[in-house]
Structures are given as structure tokens and as C-alpha cells.
Amino acid sequence: MDEPVRYYSTNRDTPTVVLREALLQGQAPDRGLFMPDRFPPLSADDLGALADKSYPVIAHTMLRRFTVGMVDDATLKSLCEDAYDFEVPLEHVTGRRHLMRLDRGPTASFKDFAARMMARLMGVLMRTEGGGLLILTATSGDTGSAVAHAYYGVEGVSVVVLFPIKEVSARQRKQMTTIGGNVTTFGVEGKFDDCQAMVKRAFADPDLSGLRLTSANSINIGRLLPQAVYYVYVYVKLADAAAQEPIVICVPSGNFGNMMGAVIAKRMGLPIERLVIATNANDEVPAFLHTGRYRKIVPSRVCISNAMNVGHPSNLARLVDVYGGRMDEVGNVHEQPDLDCLRRDLYAVSISDDETRTSIKDAYDRYGLILEPHGAVGWAGLEHYFRDNTESDNTLSVSVETAHPAKFPEEIRAILGIDPDTPPSLAGLENRPETYETISTEYESFRDLLLKSPHKA
């Protein structure tokens, strides 16, 4: 049996742990984020062998490289088959450009891919470890609902979700606040960055040491590993894997967890020629790559691609780490990454709301393609890339659509004059009763709520 991959903290002041511990801890004790100490390779032969395989088989092939010693192979295969029982459409748009829709899961968001696998893995762990687990999650839109649905009814697990009450769509909110059971939601009178800061502070709070806390945010490495799978999936379905054909992939990015899934896949050997990172007006990462100086955006800028309204992405610390640098949890860069290498591998661009709306209209008028705001940021980013890199125009490329257009009906209606079809996962949502509490950004009050919550583990 291969030796298990171990996980170190990006702050580098915590002993390495195995995946079981990294999943259950969420954030490292030194407030850093866990990263694998190696990336098990995927050869051209490995990729070629996956070309005719289903999504669950590809997920099993990928994840087994990281789960050695934690879950047996047969169990992992069963978990993958159970988690991924929905379609992953790949749409040809024009030339060699494609769209990967990650919006067919139970909450119509790409977050379903990671949340469903994490919930199943943690369910296995809790059956063997015993006791209870309290999952604490901040969301800018889609994470909360995906996590809440994935963990609903999982024995031994309770969930607390924080969301910025003024910056999520009505459908996004109701997907979180109509569940009940072992799920508690708090609407925060602030921004996503405030929610995220409260979660991170809770993990380091000795007053909460009696609670067994973990996270299902992308601060948890368990979110990133399943997200690496769909980049391998789209590659083996569209590319000549045996020939190591290059591909350009565009990822609309907010907290940069989805992007890190692609970085992990690339480090494992996926032939990503360039990773296009498209943000909304929260352009702190494009500015960092262009100038070499990192400046958080406080407060974050409000954009129609609301799930990407992040002024300080947690996962930037992981990206900096992969490229040889060190950034702490508050954004201080203690060691610069290899910026030349970063710029060769990544192309970063910021897309305004006006351009996002134009992208939605143009994609529909030219290709009959219905994009929601986040996917439109990605599609616009890919177009920027090819305008700046005309020599790559015939390179195989894919842009990621991260949510179903029906989650943003008002915006689609205003731009296109149509109502997007409502998927089964959103049907009847408006009529379900909501339960949530509105809270301030004062951490101490939130801590007190956790300590007396009936849902604490």
C-alpha cells in the first residue's frame, strides 16, 4: 500500500497530519490552511484510460490517491457512486471553446461536488470515531446551501451557516433557511469577509475548545480535493489525453477554492496550458499578479456575481504556498512566491458588472447560451484571454459555469427578457417557510450563540 499523503499548514507552525485529521480540524491550529505534502501523479496513460469512464469512476480514481489509510477502496467507490448521481454537461459553444456546467446537483451549484463527498467521508469518520461534530461554514451564496443539503440528517453532525444577509439572492437564501433539522442559519449584517473572519476566529477561540468544530468552507482541504476531479473529467472527455494535448481552463473566482482544485489537478499532471482566473470588481488577486503587491479590498465591492464578492480570498494563501511563498491568514506576505512562474501559469482579469451583463446578452444572442452572472464573468474572462493571446486561439478551452441561471431569475429577466427554466432542485422553494436569525458582526455575540446553540455537537 502507498504511504498516505500528509498535510502541512501554510503557516508552517503545525505538525503534519493525515487526511482524517485535516478533514476534522478544517483549519490548522496555527490558523494556516492544510496542503498536501505531495501531489500523486496522473500520467498520460492514466488520463487516457479515463476517457470512456463515468464521472463516479473518475472521481474514485482521483480521490483514492489522497484517501489511502482513511477509507478502503470499495467504500470510496460506493461513496463516489452515491455522491455523483447527476449529469455534468459539457457544451460546445464555438470553435474549440466549451462550457462545463456544474449546476445539475441538488442545489444547482458547483459546491455540490465537494459538499456531497465531504459529507459522506465525514459520515464514515463519525461512525468510526463516535461523538459529535459541529460544522461551521461561511457562505457568499452557494456554499451554505450545498453544505446544508449535503449534511442534512447526517448522524453525529450539526451545521451552522453564516451568510451576508444583504448580498445573497432570495433563492440562495431560501436554499439555506428552509432546511431546519440539524442545520442552523444566521444572516449576518455585514459582508462575506465578516462571516469568514468570524468562522476563522471561532476555530482559534479557546472558549470553544469544548466544541468539536470543523469547516466545510474551502478553508477545509476536503473541499478542494473533490473539486480537482471535474477538471480531469472535462479534460479526458474533450482532449487527446494520450498526446498530452494542452487545455486552457477559465475559472470564475471569489474565495479561490475552485481555482485551487484546478491548481491541484495541474500539479498532479493535468496538461493545463494556462489557468484563466476571472474575478468581478474585487480585483485584489489580478492586481497582486500584475504588481506583486497584495492589498485586500475592505469592504469588498458589491457585484451581481455575489458569491464572488470577496475582498480577501482565504485560498490565496494556498496559491502563494504552491509557488514557493508564504502568506498568513490576514494577508501578510512573509515570503514572495515565484511571480514569474505564477504569471506564466495563470492569467488573471477583473470583469465589471457592465461587462458581466454584456457577456450574458452576447452569449445568448450569438450562441443561444444562457449564463448566470458568475459563469458570465468566466466566459468574459476567457474571451479576454484569447484577445490577449491570439496565438492560442485554436487551443482547446473550457469555461466553468458554477450555478444554474434560475438562481438569478431577476437578473436574467432584466438582461434577456426571459425566465430561465427552473430545475427540480429549486421548484417550490418560494413557498417553503424560512427559519434564521439575524446577527451583527460582533464576534463575542456569535460565540455566545454557538455555546448555547441546541445544535452544538
# chains A, B, ... in the order shown; residues from 1 in each chain; ligands from 1
$ closest_atom_pairs --of "region 198-217 of chain A" --to "region 29-34 of chain A" --cutoff "9 Å" --atoms "only C-alpha atoms" --output "CSV"
residue,atom,partner,partner_atom,distance
A:Lys200,CA,A:Arg31,CA,7.5
A:Arg201,CA,A:Arg31,CA,8.7
A:Phe203,CA,A:Pro29,CA,7.9
A:Ala204,CA,A:Pro29,CA,6.8
$ write_last_selection --atoms "C-alpha atoms" --output "compact mmCIF listing (two decimals), in the first residue's frame"
# COMPACT_ATOMS: atom_id res chain seq x y z
CA LYS A 200 -11.77 31.61 11.38
CA ARG A 201 -11.74 33.28 14.79
CA PHE A 203 -11.59 27.88 15.22
CA ALA A 204 -8.81 29.58 17.18
$ closest_residue --among "A:Asn280, A:Ser140, A:Ser397, A:Ser209" --to "Phe192 (chain A)" --atoms "only C-alpha atoms"
A:Ser140
$ closest_residue --among "A:His98, A:Arg20, A:Arg171, A:Lys166" --to "Glu189 (chain A)" --atoms "only C-alpha atoms"
A:Lys166
$ closest_residue --among "A:Phe163, A:Phe66, A:Tyr55, A:Tyr8" --to "Arg318 (chain A)" --atoms "only C-alpha atoms"
A:Tyr8
$ closest_residue --among "A:Gly368, A:Pro252, A:Gly190, A:Pro433" --to "Ala307 (chain A)" --atoms "only C-alpha atoms"
A:Pro252
$ closest_residue --among "A:Thr94, A:Ser215, A:Asn389, A:Asn315" --to "Val199 (chain A)" --atoms "only C-alpha atoms"
A:Ser215
$ atom_distance --atom1 "CA of Lys266 (chain A)" --atom2 "CA of Arg6 (chain A)"
18.9 Å
$ select_by_dssp --residues "region 189-428 of chain A" --states "helix (DSSP H, G or I)" --output "ChimeraX atom specification"
/A:192-203,206-208,221-238,241-243,257-268,284-291,306-308,316-322,339-345,353-367,373-388,390-392,405-407,409-416,424-426
